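Reviewing the structure listed below.
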Amino acid sequence: MRYKLTTQDMGPAARCLGNMVPLPQTFQHPLPAASKAMANLKNVRAAIVKVLRDASLSDILKPDTLPDGSAWYGALFVNLAYQCASTFRATDYRGNCNGARIRLLPQSEWPNNVGMDKGLDTREAIALAGRLRSPTQQARLNYSGSYTNASATLSNDFYNYLLTEDWEGWVSKNESIGQWQYNNEGTSGDMVMPGDDLVILYNTTWRAVAQEFAADDAKSKATFASAWSKLMNADRFKGPTGNMCGGGISGVITEPSINSLVIS
């Protein structure tokens, strides 16, 4: 009991050091032992690239559509990865994607965490808000649209639209199941942003970062790439401060190429 009380907020046993550390306990939610025969990651990547454009899956999961009419699941995959990784909590080092725990209790019932609880700084949290968005996923979540149909293009359009459009809030679709959303006012009114995005406008620090990214597409992408790597590796613990991938919340970030984040 004493060991549990003093370590339950320290995360998994992998963060503990010393030769007196007991075996992983149930309250630390240990993962099963890794398979000795690990998957060939090049083959996994090739399979994912194939799936991203596989129109035959449309009966199972509706894809977004590229300008040439072809199917595109890239933005859906980005949002799946973000949704999974965004469960990470820097307060007790629980959550994130390692072990695919998002499909199991208690994570399957956790609400989304705000960015600052993930161990991200303000710039990183605002950068991740500019991630790819899937109009199909927006519709599935009962929003009436998206701010963009360019689901295969990572750019700073999000910040420019957010800052230059006038937004009017309302509940989308059926009020009993709809989501609070904002449409741009005026003659078009065809852009939609969730309320979580509009929060950026009402905090002077967050708004200043958004203005910086709106003015500099390269800077927004570079910050996004670093933040994405940090969040995706946040739970790859190696001792109390290290990270198996050399990145993550506790480790040193090596900035990746933006091309490694979006497969086109």
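Every chain in the structure tokens has a letter given in the order shown (A, B, ...), and although residue numbers restart at 1 in each chain, ligands are simply numbered from 1 in the order shown.
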Item checked: DSSP-assigned alpha helix (DSSP H) members of range 33-206 of chain A, reported as a ChimeraX atom specification -> /A:41-51,74-85,122-129,135-140,157-164,195-198,204-206
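Backbone DSSP of range 62-241 of chain A yields strand (DSSP E or B) at Asp64, Thr65, Ala71, Trp72, Arg89, Arg94, Trp167, Glu168, Gly169, Trp170, Val171, Trp180, Gln181, Tyr182, Asn183, Asn184, Val192, Met193, Pro194, Phe237 and Lys238 of chain A.
The list of residues with at least one atom within 10 Å of Leu231 in chain A, based on only C-alpha atoms and without residues fewer than 4 positions apart in the same chain, reads Ala81, Tyr82, Ala85, Ser86, Thr87, Phe88, Asn96, Cys97, Lys118, Gly119, Leu120, Glu124, Ala125, Leu128, Ser226, Ala227, Asp235, Gly247, Gly248 and Ile249 of chain A.
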Check: Given the choices A:Leu132, A:Ala225, A:Ala71, A:Ala139, which gets closest to Ala55 in chain A if the distance is worked out from only C-alpha atoms?
Finding: A:Ala71
Ala214 in chain A surroundings by only C-alpha atoms, 8 Å radius, close-in-sequence under 5 positions cut, as a compact mmCIF listing (two decimals) with all heavy atoms, in the first residue's frame:
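File written: out16.txt
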# COMPACT_ATOMS: atom_id res chain seq x y z
N ASN A 156 -0.56 26.83 -42.97
CA ASN A 156 -0.98 27.73 -41.91
C ASN A 156 -2.34 28.35 -42.19
O ASN A 156 -2.71 29.37 -41.58
CB ASN A 156 0.07 28.81 -41.67
CG ASN A 156 0.25 29.73 -42.88
OD1 ASN A 156 -0.20 29.41 -43.98
ND2 ASN A 156 0.94 30.85 -42.67
N ASP A 157 -3.12 27.76 -43.10
CA ASP A 157 -4.45 28.29 -43.41
C ASP A 157 -5.33 28.35 -42.16
O ASP A 157 -6.14 29.28 -42.00
CB ASP A 157 -5.14 27.41 -44.46
CG ASP A 157 -4.61 27.64 -45.85
OD1 ASP A 157 -3.82 28.59 -46.05
OD2 ASP A 157 -4.96 26.86 -46.76
N PHE A 158 -5.20 27.36 -41.28
CA PHE A 158 -6.01 27.32 -40.06
C PHE A 158 -5.91 28.63 -39.30
O PHE A 158 -6.92 29.21 -38.88
CB PHE A 158 -5.56 26.15 -39.18
CG PHE A 158 -6.12 26.18 -37.78
CD1 PHE A 158 -7.42 25.77 -37.54
CD2 PHE A 158 -5.34 26.62 -36.71
CE1 PHE A 158 -7.94 25.80 -36.23
CE2 PHE A 158 -5.85 26.66 -35.43
CZ PHE A 158 -7.16 26.24 -35.19
N TYR A 159 -4.70 29.13 -39.12
CA TYR A 159 -4.49 30.35 -38.33
C TYR A 159 -5.00 31.58 -39.06
O TYR A 159 -5.58 32.48 -38.44
CB TYR A 159 -3.00 30.50 -38.00
CG TYR A 159 -2.41 29.26 -37.38
CD1 TYR A 159 -1.60 28.41 -38.13
CD2 TYR A 159 -2.71 28.91 -36.07
CE1 TYR A 159 -1.08 27.25 -37.58
CE2 TYR A 159 -2.19 27.74 -35.52
CZ TYR A 159 -1.39 26.92 -36.28
OH TYR A 159 -0.89 25.76 -35.74
N ASN A 160 -4.82 31.62 -40.38
CA ASN A 160 -5.31 32.76 -41.14
C ASN A 160 -6.83 32.83 -41.14
O ASN A 160 -7.42 33.91 -40.98
CB ASN A 160 -4.78 32.70 -42.58
CG ASN A 160 -3.33 33.13 -42.67
OD1 ASN A 160 -3.00 34.28 -42.42
ND2 ASN A 160 -2.44 32.20 -43.02
N SER A 220 5.35 27.68 -38.62
CA SER A 220 4.24 26.89 -38.10
C SER A 220 4.47 25.40 -38.34
O SER A 220 4.20 24.56 -37.47
CB SER A 220 2.91 27.34 -38.73
OG SER A 220 2.80 26.91 -40.08
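Here CA of Ser155 in chain A stands at a distance of 23.8 Å from CA of Glu168 in chain A.
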Checklist line | Atom pair CA of Leu41 in chain A / CA of Cys245 in chain A: separation (Å) | finding: 14.9 Å
Note to self: What's around range 191-208 of chain A at 9 Å? Count only C-alpha atoms, leave out sequence neighbours fewer than 2 positions away in its own chain, and write the answer as number ranges by chain.
What the structure shows: A: 122-123, 126, 129, 143-148, 161-163, 167, 169, 179-185, 188-189, 210-213
Check: With only C-alpha atoms as the basis for distance, which of A:Arg89, A:Gly74, A:Gln138, A:Ala127 is at the shortest distance from Lys219 in chain A?
Finding: A:Ala127
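Pairwise distance (CA of Ala75 in chain A, CA of Asp216 in chain A) equals 22.4 Å.
When only C-alpha atoms are used to compute distances to Leu52 in chain A, the closest of the residues A:Leu76, A:Cys84, A:Ala14, A:Ala33 turns out to be A:Leu76.
Using only C-alpha atoms, the smallest distance between any of A:Arg236, A:Ala218, A:Ala37, A:Gln8 and Thr91 in chain A comes from A:Gln8.
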Note to self: Could you list, as a PyMOL selection string, every residue within 9 Å of Leu17 in chain A, counting only C-alpha atoms and ignoring same-chain residues fewer than 3 positions away?
What the structure shows: chain A and resi 13-14+20-21+239-240
